[in-house]
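Worksheet: the structure to be examined is printed underneath.
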Amino acid sequence: MHPVIDVARDTASVRSMSRYVGASVARPEDPALLRGDVEFSADVTVPESVSEGRDVAEVVFVRSPFAHAEILSIDAEDARDAPGVIAVLSSADHGVRPHGSVFPEFFDARFAMPILAEGVARYVGEPVVAVVAETQAQAIDAAELVVIDWEPLDVVIDVNDALVGSAVLFTDERKARTRSESDGGPPTNIVHQLDCPHEASLFNASTVVRQRLWNPRQVPAPLETHVQITAFDAAGHLHIWATTQRPHGFRDQLADVFELDPASIHVHAPAVGGAFGGKVSRMQDEHALVMIAQRVERPVRWVQTRSEYFTGATQGRGEQFDFVLAGTADGRITALRCDVLKDSGAYPGVGATLPARFNVYDASGPYDIAHIEFASIAVVTNAPQVSAFRGAGRAAYLAALERVIDIYAAEIGVDPAEVRRRNLVRADQMPYAAASGVTFDEADYVGDLDKALATIGYEGLRAEQRARRLARRTRQLGIGISTYHLQTVGAGGSEEARVEIEADGRATVYTGTTDQGHGHRSAWAQIAADTLGMAIDQVAVIEGSTDHTATGVGAVGSRSLQTAGVAIHTASNVLIERAKEQAAGLLEAAATDVVCTIDDSDGTPSARFHVAGVPSIYVGWPEIADAVHEADQADALVCGETHNLGEDTAFPSGTQIAVVEVDTETGQVVLSRFVSVDDCGVRINPMIVEGQLHGGIAAGIGQALGEEMRYDADGNPLTTTFMDYALATTDMLPPFELVASETVSSFNVFGAKGVGEAGGVGAVGAVHNAVVDALGHLGVEHIELPCTPERVWRAVEAAQH
């Protein structure tokens, strides 16, 4: 049951109660960002209370040049004698023994990630030796003097090779030290498996489509790479300033790895220059810095170079899908199965389980399909760890599903828009209980499809396509459709927030979330100001540190508004009730007679607490706060709340349509139009929503047309700079035609659904389908991602010969 709000209320009625919620309020952090006045991790000056006069030392890592090799010996004597060197450390210089994985419920100890390579390196770029020096230049010079003797081992890059065990990465002789006594059984590359029985009789339909698709590895490619400053104070407390999406999660990892009291660890995330899921998991370098700071007894800093980022940072995607779709000749899907083979990278982390954790519940996508089967296997390979990336665990699957829908439409000769219309869950079925057991909140999938088709001028485009084909034009037109939704939240359904009324009557909001450009400072202030009856500039927002709240999941899974936002709203409402009690004393009235109204006659909202029916005699927040603080009862105006969604995880949704022109002689793809109809429920700040959609769509377009982390057979990365990693650039992107579709969700008090990942989920499928659609008349049935000019040209050549 979802009793939060009356879903019969439309967006306008929800906003009628608001002054700021629903308005495009400018983000307060933007002026400082534009001026370059914001402090990022590399800019942090360690407080004197922590550094005690000790200078910050610089750390550089010596990394493996091999994807899989045994470390026979390390000679670091010349490096230790180099100018400015403080220490040179390898696995032989510490006794840190992790339990194994940060997810022990999924992975056994054999796959443990050491803080520095132990005996064996398992991907190019794995840190082996840490060089600590007075300056970064000195550390770089000394790192060149470290000599390592290697014995190359067999390399596994392809997930299918990993599955059959052509080479096993972890054996009894080659596993890291752990504190676990379990070895998990015989050696294997399989780290996680979700089985699902196959009911073959349900797939005996008039049309059966079988398709394998590959969604390649990507890097999130933020503006700011990974940076970390680590220091212990005189009391033994650990202080970290890091580019992390999850300060509390990082704190808990370190407490586990180093056997420290979590209360003694303080993790802070200064301004984070982009993350997109790539700063959820923490890699070996960041764990090793704690050991290094312990050993040298000084604060230490590590600033990751862009080349280090490409070779060693966590990546996203890396998933192979085997679909079987059964349907009728007139376009009704009756059964769907997908088997996923997931690349986990060398040391499995959160990414290894994401496809199974999400898609087992949402394998049908936005479609009404009676029978669903989903199975998943995750394997280790000789490449960096695969973690989260925008739409983690869901985006790649949903994009692949949209491609299969188009293949099915082509097989039965029905327009792909019509196939979707016949299978989408209808608005009158909402909330909809899917066959998987999950419930979708309110939306109008069919209506959004129709809006998108009307906006793009679908029939006219199809007519132009037919004309170009008849004329055998070199530049052919392709139209790609993607109807999407995605399950949000992830990483836990709760979040903590605290609201405090200061002595001057202003408010401060603290949350466990961490902003990486999301606009939390604006959105959280909008929510608190509306609820408390204040001007928005009277609300300060503080987050991104374990010192502010006891718990925090962070900004992942399009979850922040549904969790922290609701917690802020609830806490603020509690403070209103407490303020009524305080006002009653000042007004010499019973608390039950006191009401709160908001006066904005001068354009500035102001809460007035007064006796019902006597609005002319009132007190406001300044008077109440002054009285409470004067009486040394400030806690009376502090409220902390944790909001847990339970099963009420919202599903943002929509339809995206891409129009491309494909040069059949060169393979060049030009994206000429992109229409996106997106329903993220009530929009707290429409300007921020549009910015999120722009970024997500651009990421999806890049994935469809060029972004791919490539490796040769020996595991050497072939994409190590922006010269060869084809990130989407502005000249590739047409103006996005955004159409807002706002269906109030019954799953939370705002009627909101989340938006951070929505844009990119549909964009991949839309562009992918458009490219293949442009070439379908030439016999091209499918092209693997990304649709680069070479790959498109080869597909055309193969179809014609």
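Labels used: A, B, ... for chains in the order of the structure tokens, numbers from 1 for residues in each chain, and numbers from 1 for ligands as shown.
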At a cut-off of 6 Å, using only C-alpha atoms, what residues contact Ala658 of chain A? Leave out same-chain residues fewer than 6 positions from it and give the result as a list in words.
Ile479, Gly480, Arg673, Phe674, Ala766 and Val767 of chain A
Just-selected residues, all heavy atoms written as an mmCIF file, in the first residue's frame:
data_model
loop_
_atom_site.group_PDB
_atom_site.id
_atom_site.type_symbol
_atom_site.label_atom_id
_atom_site.label_comp_id
_atom_site.auth_asym_id
_atom_site.auth_seq_id
_atom_site.Cartn_x
_atom_site.Cartn_y
_atom_site.Cartn_z
ATOM 1 N N ILE A 479 15.529 6.381 -37.628
ATOM 2 C CA ILE A 479 14.721 6.858 -36.500
ATOM 3 C C ILE A 479 14.741 5.762 -35.433
ATOM 4 O O ILE A 479 14.366 4.613 -35.712
ATOM 5 C CB ILE A 479 13.272 7.154 -36.903
ATOM 6 C CG1 ILE A 479 13.233 8.113 -38.107
ATOM 7 C CG2 ILE A 479 12.492 7.747 -35.735
ATOM 8 C CD1 ILE A 479 12.470 7.584 -39.270
ATOM 9 N N GLY A 480 15.194 6.105 -34.249
ATOM 10 C CA GLY A 480 15.284 5.129 -33.168
ATOM 11 C C GLY A 480 14.443 5.531 -31.983
ATOM 12 O O GLY A 480 14.474 6.695 -31.552
ATOM 13 N N ARG A 673 18.546 15.055 -34.615
ATOM 14 C CA ARG A 673 17.520 15.486 -33.660
ATOM 15 C C ARG A 673 17.450 14.506 -32.506
ATOM 16 O O ARG A 673 17.756 13.316 -32.668
ATOM 17 C CB ARG A 673 16.136 15.584 -34.331
ATOM 18 C CG ARG A 673 15.958 16.740 -35.282
ATOM 19 C CD ARG A 673 14.511 16.821 -35.759
ATOM 20 N NE ARG A 673 13.581 17.191 -34.682
ATOM 21 C CZ ARG A 673 12.246 17.156 -34.821
ATOM 22 N NH1 ARG A 673 11.702 16.762 -35.961
ATOM 23 N NH2 ARG A 673 11.473 17.524 -33.812
ATOM 24 N N PHE A 674 17.036 15.030 -31.357
ATOM 25 C CA PHE A 674 16.834 14.152 -30.203
ATOM 26 C C PHE A 674 15.688 14.726 -29.375
ATOM 27 O O PHE A 674 15.776 15.835 -28.847
ATOM 28 C CB PHE A 674 18.097 14.039 -29.349
ATOM 29 C CG PHE A 674 18.040 12.898 -28.369
ATOM 30 C CD1 PHE A 674 18.592 11.677 -28.694
ATOM 31 C CD2 PHE A 674 17.404 13.035 -27.144
ATOM 32 C CE1 PHE A 674 18.530 10.602 -27.805
ATOM 33 C CE2 PHE A 674 17.324 11.983 -26.255
ATOM 34 C CZ PHE A 674 17.897 10.744 -26.588
ATOM 35 N N ALA A 766 17.871 4.540 -27.998
ATOM 36 C CA ALA A 766 17.316 5.361 -29.074
ATOM 37 C C ALA A 766 18.331 5.561 -30.191
ATOM 38 O O ALA A 766 18.015 5.397 -31.383
ATOM 39 C CB ALA A 766 16.860 6.706 -28.510
ATOM 40 N N VAL A 767 19.557 5.921 -29.836
ATOM 41 C CA VAL A 767 20.577 6.165 -30.859
ATOM 42 C C VAL A 767 20.988 4.854 -31.525
ATOM 43 O O VAL A 767 21.159 4.787 -32.751
ATOM 44 C CB VAL A 767 21.797 6.884 -30.239
ATOM 45 C CG1 VAL A 767 22.907 7.050 -31.279
ATOM 46 C CG2 VAL A 767 21.386 8.245 -29.685
#
Near Ile501 of chain A, counting only C-alpha atoms, which residues have an atom at most 7 Å away, once you skip same-chain residues fewer than 2 positions from it, shown as a ChimeraX atom specification?
/A:499,503,505-508,625,637-638
Output N, CA, C and O atoms for every residue in that selection, as a compact mmCIF listing (two decimals), in the first residue's frame.
# COMPACT_ATOMS: atom_id res chain seq x y z
N VAL A 499 17.71 18.93 10.74
CA VAL A 499 17.42 20.36 10.54
C VAL A 499 17.54 21.06 11.88
O VAL A 499 16.97 20.60 12.88
N ALA A 503 20.37 30.39 16.35
CA ALA A 503 19.97 31.41 17.34
C ALA A 503 19.33 32.63 16.69
O ALA A 503 18.53 33.32 17.32
N GLY A 505 17.36 32.49 14.09
CA GLY A 505 16.12 32.12 13.43
C GLY A 505 16.32 31.53 12.05
O GLY A 505 15.34 31.14 11.39
N ARG A 506 17.55 31.44 11.59
CA ARG A 506 17.82 30.79 10.32
C ARG A 506 17.88 29.28 10.54
O ARG A 506 17.90 28.80 11.67
N ALA A 507 17.94 28.54 9.42
CA ALA A 507 17.97 27.08 9.52
C ALA A 507 19.20 26.52 8.85
O ALA A 507 19.72 27.08 7.87
N THR A 508 19.69 25.42 9.38
CA THR A 508 20.78 24.68 8.76
C THR A 508 20.33 23.25 8.56
O THR A 508 19.79 22.62 9.48
N ALA A 625 13.52 31.27 18.34
CA ALA A 625 14.90 30.79 18.45
C ALA A 625 15.64 31.53 19.55
O ALA A 625 16.40 30.92 20.33
N LEU A 637 14.91 22.82 19.14
CA LEU A 637 14.73 23.19 17.74
C LEU A 637 15.74 22.48 16.85
O LEU A 637 16.26 23.03 15.87
N VAL A 638 16.02 21.25 17.20
CA VAL A 638 16.87 20.37 16.37
C VAL A 638 16.10 19.08 16.15
O VAL A 638 15.59 18.49 17.11
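Distances here use only C-alpha atoms; by that measure, the residue among A:Phe750, A:Tyr618, A:Phe651, A:Phe389 closest to Ala567 of chain A is A:Phe750.
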Pull the closest atom pair for each residue of segment 704-785 of chain A that gets at most 12 Å from segment 299-316 of chain A, along with the distance in Å to one decimal, counting only C-alpha atoms, ordering rows by chain and then ascending residue number, as CSV.
residue,atom,partner,partner_atom,distance
A:Glu707,CA,A:Gly316,CA,11.2
A:Glu708,CA,A:Gly316,CA,10.1
A:Met709,CA,A:Phe310,CA,8.6
A:Arg710,CA,A:Phe310,CA,10.8
A:Tyr711,CA,A:Thr311,CA,10.5
A:Gly715,CA,A:Thr311,CA,10.8
A:Asn716,CA,A:Thr311,CA,9.1
A:Pro717,CA,A:Thr311,CA,6.8
A:Leu718,CA,A:Thr311,CA,9.6
A:Thr719,CA,A:Phe310,CA,7.4
A:Thr720,CA,A:Phe310,CA,5.2
A:Thr721,CA,A:Ser307,CA,6.3
A:Phe722,CA,A:Arg306,CA,9.1
A:Met723,CA,A:Ser307,CA,11.4
A:Asp724,CA,A:Phe310,CA,10.9
A:Tyr725,CA,A:Phe310,CA,9.1
Pick out the residues sitting within 8 Å of Gly702 of chain A, and hand them over as a PDB file with N, CA and C atoms, in the first residue's frame; count only C-alpha atoms, and ignore anything fewer than 3 positions along from it in its own chain.
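Written output follows (part_16.pdb):
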ATOM      1  N   ALA A 698      23.593  13.166 -22.969  1.00  0.00           N
ATOM      2  CA  ALA A 698      24.920  13.273 -23.597  1.00  0.00           C
ATOM      3  C   ALA A 698      25.757  12.032 -23.303  1.00  0.00           C
ATOM      4  N   ALA A 699      25.688  11.536 -22.065  1.00  0.00           N
ATOM      5  CA  ALA A 699      26.442  10.329 -21.714  1.00  0.00           C
ATOM      6  C   ALA A 699      25.955   9.137 -22.517  1.00  0.00           C
ATOM      7  N   LEU A 705      27.739   5.993 -29.600  1.00  0.00           N
ATOM      8  CA  LEU A 705      28.486   6.349 -30.802  1.00  0.00           C
ATOM      9  C   LEU A 705      29.998   6.220 -30.692  1.00  0.00           C
ATOM     10  N   GLY A 706      30.565   6.089 -29.490  1.00  0.00           N
ATOM     11  CA  GLY A 706      32.018   6.043 -29.495  1.00  0.00           C
ATOM     12  C   GLY A 706      32.713   5.554 -28.243  1.00  0.00           C
ATOM     13  N   GLU A 707      32.112   5.742 -27.075  1.00  0.00           N
ATOM     14  CA  GLU A 707      32.836   5.445 -25.842  1.00  0.00           C
ATOM     15  C   GLU A 707      32.995   3.938 -25.635  1.00  0.00           C
ATOM     16  N   ALA A 726      36.655   7.951 -27.060  1.00  0.00           N
ATOM     17  CA  ALA A 726      35.803   8.880 -27.825  1.00  0.00           C
ATOM     18  C   ALA A 726      34.646   9.408 -26.991  1.00  0.00           C
ATOM     19  N   LEU A 727      34.958  10.247 -26.028  1.00  0.00           N
ATOM     20  CA  LEU A 727      33.931  10.922 -25.244  1.00  0.00           C
ATOM     21  C   LEU A 727      33.103  11.816 -26.172  1.00  0.00           C
ATOM     22  N   ALA A 728      31.805  11.872 -25.945  1.00  0.00           N
ATOM     23  CA  ALA A 728      30.952  12.723 -26.770  1.00  0.00           C
ATOM     24  C   ALA A 728      31.361  14.182 -26.629  1.00  0.00           C
TER      25      ALA A 728
END
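Atom pair atom CA of Ala69 of chain A / atom CA of Arg179 of chain A has a distance of 24.3 Å (rounded to one decimal).
Shortest atom-to-atom contact with Gln656 of chain A among A:Leu470, A:Val761, A:Met113, A:Val669: A:Val761, counting only C-alpha atoms.
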Give me the residues within 9 Å of segment 515-527 of chain A as a PDB file with C-alpha atoms, in the first residue's frame, counting only C-alpha atoms and dropping any in the same chain fewer than 3 places off.
ATOM      1  CA  SER A  18       4.646  25.571  -2.338  1.00  0.00           C
ATOM      2  CA  ARG A  19       6.551  28.794  -2.812  1.00  0.00           C
ATOM      3  CA  TYR A  20       9.917  27.377  -3.808  1.00  0.00           C
ATOM      4  CA  VAL A  21       9.271  23.735  -4.675  1.00  0.00           C
ATOM      5  CA  GLY A  22       8.599  23.656  -8.397  1.00  0.00           C
ATOM      6  CA  ALA A  23      10.559  26.831  -9.119  1.00  0.00           C
ATOM      7  CA  VAL A  25      15.833  28.461  -8.272  1.00  0.00           C
ATOM      8  CA  ALA A  26      19.436  29.244  -9.208  1.00  0.00           C
ATOM      9  CA  ARG A  27      22.053  27.024  -7.620  1.00  0.00           C
ATOM     10  CA  PRO A  28      23.894  29.028  -4.927  1.00  0.00           C
ATOM     11  CA  GLU A  29      27.188  27.200  -5.560  1.00  0.00           C
ATOM     12  CA  THR A 244      34.012  10.244  -2.896  1.00  0.00           C
ATOM     13  CA  GLN A 245      30.291   9.915  -3.444  1.00  0.00           C
ATOM     14  CA  ALA A 269      34.216  15.153   0.516  1.00  0.00           C
ATOM     15  CA  ALA A 271      33.587  19.869  -3.808  1.00  0.00           C
ATOM     16  CA  VAL A 272      33.591  16.810  -6.083  1.00  0.00           C
ATOM     17  CA  GLY A 273      34.235  17.533  -9.754  1.00  0.00           C
ATOM     18  CA  GLY A 274      31.882  14.957 -11.173  1.00  0.00           C
ATOM     19  CA  ALA A 275      31.421  11.308 -10.273  1.00  0.00           C
ATOM     20  CA  PHE A 276      28.579   9.617 -12.229  1.00  0.00           C
ATOM     21  CA  THR A 508      20.779  24.678   8.758  1.00  0.00           C
ATOM     22  CA  VAL A 509      20.168  21.378   7.006  1.00  0.00           C
ATOM     23  CA  ASP A 530       8.851  25.851   1.965  1.00  0.00           C
ATOM     24  CA  THR A 531       8.122  23.642   4.958  1.00  0.00           C
ATOM     25  CA  LEU A 532       9.532  26.004   7.597  1.00  0.00           C
ATOM     26  CA  ALA A 535      13.162  32.697   2.598  1.00  0.00           C
ATOM     27  CA  ILE A 536      15.438  30.333   0.750  1.00  0.00           C
ATOM     28  CA  ASP A 537      18.532  32.387   1.578  1.00  0.00           C
ATOM     29  CA  GLN A 538      17.820  31.755   5.255  1.00  0.00           C
ATOM     30  CA  VAL A 539      18.547  28.036   4.848  1.00  0.00           C
ATOM     31  CA  ALA A 540      22.108  26.697   4.766  1.00  0.00           C
ATOM     32  CA  VAL A 541      22.842  23.174   3.539  1.00  0.00           C
ATOM     33  CA  ILE A 542      25.823  21.153   4.770  1.00  0.00           C
ATOM     34  CA  GLU A 543      26.649  17.615   3.635  1.00  0.00           C
ATOM     35  CA  GLY A 544      29.488  15.426   2.425  1.00  0.00           C
ATOM     36  CA  GLY A 554      25.345   9.127  -0.438  1.00  0.00           C
ATOM     37  CA  ALA A 555      24.236  10.270  -3.862  1.00  0.00           C
ATOM     38  CA  SER A 560      18.573  11.498  -2.857  1.00  0.00           C
ATOM     39  CA  LEU A 561      15.263  13.333  -3.233  1.00  0.00           C
ATOM     40  CA  ALA A 564      17.099  12.757   2.122  1.00  0.00           C
ATOM     41  CA  GLY A 565      14.553  15.143   0.612  1.00  0.00           C
ATOM     42  CA  VAL A 566      11.667  13.446   2.403  1.00  0.00           C
ATOM     43  CA  ILE A 568      14.296  17.029   5.442  1.00  0.00           C
ATOM     44  CA  HIS A 569      10.600  17.645   4.881  1.00  0.00           C
ATOM     45  CA  SER A 572      11.045  20.441   9.219  1.00  0.00           C
ATOM     46  CA  ILE A 684      11.373  20.262  -7.287  1.00  0.00           C
ATOM     47  CA  ASN A 685      13.628  22.466  -9.433  1.00  0.00           C
ATOM     48  CA  ILE A 688      18.196  21.314 -12.261  1.00  0.00           C
ATOM     49  CA  GLY A 691      20.487  19.943 -16.486  1.00  0.00           C
ATOM     50  CA  GLN A 692      20.452  16.363 -15.220  1.00  0.00           C
ATOM     51  CA  GLY A 756      19.904  11.649 -12.133  1.00  0.00           C
TER      52      GLY A 756
END
Tell me, as a VMD selection string, which residues lie within 7 Å of Leu238 of chain A, counting only C-alpha atoms; anything in the same chain fewer than 2 positions away does not count.
chain A and resid 231 to 233 236 240 264 to 266
Could those residues be written to a file, using N, CA, C and O atoms, as a PDB file, in the first residue's frame?
ATOM      1  N   ALA A 231      45.517  11.643   6.855  1.00  0.00           N
ATOM      2  CA  ALA A 231      46.358  12.028   7.992  1.00  0.00           C
ATOM      3  C   ALA A 231      45.797  11.453   9.277  1.00  0.00           C
ATOM      4  O   ALA A 231      44.570  11.318   9.433  1.00  0.00           O
ATOM      5  N   PHE A 232      46.692  11.122  10.208  1.00  0.00           N
ATOM      6  CA  PHE A 232      46.322  10.745  11.564  1.00  0.00           C
ATOM      7  C   PHE A 232      46.690  11.889  12.500  1.00  0.00           C
ATOM      8  O   PHE A 232      47.768  12.482  12.366  1.00  0.00           O
ATOM      9  N   ASP A 233      45.801  12.215  13.440  1.00  0.00           N
ATOM     10  CA  ASP A 233      46.129  13.255  14.409  1.00  0.00           C
ATOM     11  C   ASP A 233      46.793  12.620  15.635  1.00  0.00           C
ATOM     12  O   ASP A 233      46.993  11.400  15.708  1.00  0.00           O
ATOM     13  N   GLY A 236      45.265   9.675  17.311  1.00  0.00           N
ATOM     14  CA  GLY A 236      45.096   8.462  16.527  1.00  0.00           C
ATOM     15  C   GLY A 236      43.868   8.450  15.645  1.00  0.00           C
ATOM     16  O   GLY A 236      43.549   7.422  15.043  1.00  0.00           O
ATOM     17  N   ILE A 240      40.377  12.054   6.460  1.00  0.00           N
ATOM     18  CA  ILE A 240      40.522  11.876   5.014  1.00  0.00           C
ATOM     19  C   ILE A 240      39.695  12.927   4.293  1.00  0.00           C
ATOM     20  O   ILE A 240      38.532  13.176   4.639  1.00  0.00           O
ATOM     21  N   SER A 264      36.407   6.871  15.046  1.00  0.00           N
ATOM     22  CA  SER A 264      37.710   7.534  14.993  1.00  0.00           C
ATOM     23  C   SER A 264      38.108   7.928  13.576  1.00  0.00           C
ATOM     24  O   SER A 264      39.204   8.430  13.366  1.00  0.00           O
ATOM     25  N   ILE A 265      37.221   7.703  12.616  1.00  0.00           N
ATOM     26  CA  ILE A 265      37.519   7.992  11.204  1.00  0.00           C
ATOM     27  C   ILE A 265      36.630   9.135  10.745  1.00  0.00           C
ATOM     28  O   ILE A 265      35.408   9.099  10.910  1.00  0.00           O
ATOM     29  N   HIS A 266      37.237  10.142  10.151  1.00  0.00           N
ATOM     30  CA  HIS A 266      36.512  11.326   9.687  1.00  0.00           C
ATOM     31  C   HIS A 266      36.771  11.485   8.188  1.00  0.00           C
ATOM     32  O   HIS A 266      37.889  11.799   7.780  1.00  0.00           O
TER      33      HIS A 266
END
For Leu671 of chain A: contacts at 7 Å, only C-alpha atoms, fewer than 2 positions along chain excluded, given as a PyMOL selection string
chain A and resi 659-661+669+673+732-734
Identify all residues of segment 494-530 of chain A in helix (DSSP H, G or I) (DSSP on the backbone) and supply them as JSON, numbers by chain.
{"A": [520, 521, 522, 523, 524, 525, 526, 527, 528, 529, 530]}
Just give me the gap between atom CA of Ala263 of chain A and atom CA of Asp108 of chain A in Å, one decimal is fine.
27.2 Å
Assign secondary structure with DSSP using the backbone only, and return the residues of segment 165-304 of chain A in strand (DSSP E) as a CSV table (one decimal) with N, CA and C atoms, in the first residue's frame.
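Generated output (out-v1.csv):
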chain,number,residue,atom,x,y,z
A,190,ILE,N,34.3,-17.5,-11.5
A,190,ILE,CA,32.9,-17.1,-11.2
A,190,ILE,C,32.8,-16.5,-9.8
A,191,VAL,N,32.4,-15.3,-9.7
A,191,VAL,CA,32.3,-14.6,-8.4
A,191,VAL,C,30.9,-14.5,-7.8
A,192,HIS,N,29.9,-14.5,-8.7
A,192,HIS,CA,28.5,-14.4,-8.3
A,192,HIS,C,27.6,-15.0,-9.4
A,193,GLN,N,26.6,-15.7,-8.9
A,193,GLN,CA,25.7,-16.3,-9.9
A,193,GLN,C,24.3,-16.3,-9.4
A,194,LEU,N,23.4,-15.9,-10.3
A,194,LEU,CA,21.9,-16.0,-10.0
A,194,LEU,C,21.3,-16.8,-11.0
A,207,THR,N,6.6,-16.4,-33.1
A,207,THR,CA,7.9,-15.7,-33.3
A,207,THR,C,8.8,-15.7,-32.1
A,208,VAL,N,10.0,-16.2,-32.3
A,208,VAL,CA,11.0,-16.2,-31.3
A,208,VAL,C,12.3,-15.5,-31.7
A,209,VAL,N,12.7,-14.5,-31.0
A,209,VAL,CA,13.9,-13.8,-31.3
A,209,VAL,C,15.0,-14.2,-30.3
A,210,ARG,N,16.2,-14.5,-30.9
A,210,ARG,CA,17.3,-14.8,-30.0
A,210,ARG,C,18.4,-13.8,-30.4
A,211,GLN,N,19.0,-13.1,-29.5
A,211,GLN,CA,20.0,-12.1,-29.8
A,211,GLN,C,21.0,-11.9,-28.7
A,212,ARG,N,22.3,-11.9,-29.0
A,212,ARG,CA,23.3,-11.6,-28.1
A,212,ARG,C,23.8,-10.2,-28.3
A,213,LEU,N,23.9,-9.4,-27.2
A,213,LEU,CA,24.4,-8.1,-27.3
A,213,LEU,C,25.5,-7.9,-26.3
A,214,TRP,N,26.4,-6.9,-26.6
A,214,TRP,CA,27.5,-6.6,-25.7
A,214,TRP,C,27.5,-5.1,-25.4
A,215,ASN,N,27.5,-4.8,-24.2
A,215,ASN,CA,27.6,-3.4,-23.7
A,215,ASN,C,29.0,-3.2,-23.2
A,216,PRO,N,29.9,-2.5,-23.9
A,216,PRO,CA,31.3,-2.5,-23.5
A,216,PRO,C,31.5,-1.6,-22.3
A,217,ARG,N,32.8,-1.8,-21.7
A,217,ARG,CA,33.2,-1.0,-20.6
A,217,ARG,C,33.3,0.5,-21.0
A,218,GLN,N,32.9,1.3,-20.0
A,218,GLN,CA,33.1,2.7,-20.1
A,218,GLN,C,33.8,3.3,-18.9
A,227,VAL,N,41.4,12.0,-6.0
A,227,VAL,CA,42.3,12.8,-5.1
A,227,VAL,C,42.1,12.4,-3.7
A,228,GLN,N,43.1,12.3,-2.9
A,228,GLN,CA,42.9,12.0,-1.5
A,228,GLN,C,44.1,12.5,-0.6
A,229,ILE,N,43.7,13.1,0.5
A,229,ILE,CA,44.6,13.5,1.5
A,229,ILE,C,44.3,12.7,2.8
A,230,THR,N,45.3,12.1,3.4
A,230,THR,CA,45.1,11.2,4.5
A,230,THR,C,46.0,11.6,5.6
A,231,ALA,N,45.5,11.6,6.9
A,231,ALA,CA,46.4,12.0,8.0
A,231,ALA,C,45.8,11.5,9.3
A,232,PHE,N,46.7,11.1,10.2
A,232,PHE,CA,46.3,10.7,11.6
A,232,PHE,C,46.7,11.9,12.5
A,238,LEU,N,41.8,9.1,12.3
A,238,LEU,CA,42.1,9.2,10.9
A,238,LEU,C,41.2,10.3,10.2
A,239,HIS,N,41.9,11.1,9.5
A,239,HIS,CA,41.2,12.2,8.8
A,239,HIS,C,41.4,12.0,7.3
A,240,ILE,N,40.4,12.1,6.5
A,240,ILE,CA,40.5,11.9,5.0
A,240,ILE,C,39.7,12.9,4.3
A,241,TRP,N,40.3,13.5,3.3
A,241,TRP,CA,39.6,14.4,2.4
A,241,TRP,C,39.7,13.7,1.0
A,242,ALA,N,38.6,13.4,0.4
A,242,ALA,CA,38.6,12.5,-0.8
A,242,ALA,C,37.5,12.9,-1.7
A,265,ILE,N,37.2,7.7,12.6
A,265,ILE,CA,37.5,8.0,11.2
A,265,ILE,C,36.6,9.1,10.7
A,266,HIS,N,37.2,10.1,10.2
A,266,HIS,CA,36.5,11.3,9.7
A,266,HIS,C,36.8,11.5,8.2
A,267,VAL,N,35.7,11.2,7.4
A,267,VAL,CA,35.9,11.3,5.9
A,267,VAL,C,35.1,12.5,5.4
A,268,HIS,N,35.8,13.4,4.7
A,268,HIS,CA,35.1,14.6,4.1
A,268,HIS,C,35.2,14.6,2.6
A,300,VAL,N,49.6,12.6,4.0
A,300,VAL,CA,50.0,12.3,2.7
A,300,VAL,C,48.9,12.6,1.7
A,301,ARG,N,49.4,13.0,0.4
A,301,ARG,CA,48.4,13.4,-0.6
A,301,ARG,C,48.7,12.6,-1.9
A,302,TRP,N,47.7,12.1,-2.5
A,302,TRP,CA,47.8,11.5,-3.8
A,302,TRP,C,46.8,12.1,-4.8
A,303,VAL,N,47.3,12.6,-5.9
A,303,VAL,CA,46.5,13.2,-7.0
A,303,VAL,C,46.7,12.3,-8.2
Fewer than 6 positions away in the same chain doesn't count, so skip those; otherwise give me all residues within 12 Å of Pro186 of chain A, counting only C-alpha atoms, as a list in words.
Asp108, Arg110, Gly165, Val168, Phe170, Thr171 and Asp172 of chain A
Once you have the residues from the selection above, write them out as a compact mmCIF listing (two decimals), in the first residue's frame, restricted to N, CA, C and O atoms.
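To be explicit, this is the file written out as selection33.txt:
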# COMPACT_ATOMS: atom_id res chain seq x y z
N ASP A 108 33.45 -14.54 -1.75
CA ASP A 108 34.28 -15.12 -0.70
C ASP A 108 35.67 -14.50 -0.72
O ASP A 108 36.03 -13.73 -1.61
N ARG A 110 38.60 -15.45 -1.40
CA ARG A 110 39.64 -15.72 -2.40
C ARG A 110 39.83 -14.54 -3.35
O ARG A 110 40.88 -14.38 -3.96
N GLY A 165 37.06 -20.77 -17.83
CA GLY A 165 38.26 -20.99 -17.03
C GLY A 165 39.50 -21.28 -17.83
O GLY A 165 40.33 -22.09 -17.42
N VAL A 168 42.71 -19.30 -14.67
CA VAL A 168 42.07 -18.95 -13.41
C VAL A 168 42.92 -17.90 -12.71
O VAL A 168 44.12 -18.08 -12.50
N PHE A 170 42.61 -16.52 -9.60
CA PHE A 170 42.88 -16.67 -8.17
C PHE A 170 43.03 -18.16 -7.84
O PHE A 170 42.10 -18.93 -8.03
N THR A 171 44.20 -18.54 -7.38
CA THR A 171 44.46 -19.92 -6.95
C THR A 171 44.97 -19.89 -5.52
O THR A 171 45.27 -18.84 -4.96
N ASP A 172 45.09 -21.07 -4.93
CA ASP A 172 45.57 -21.14 -3.55
C ASP A 172 46.97 -20.55 -3.40
O ASP A 172 47.31 -19.97 -2.38
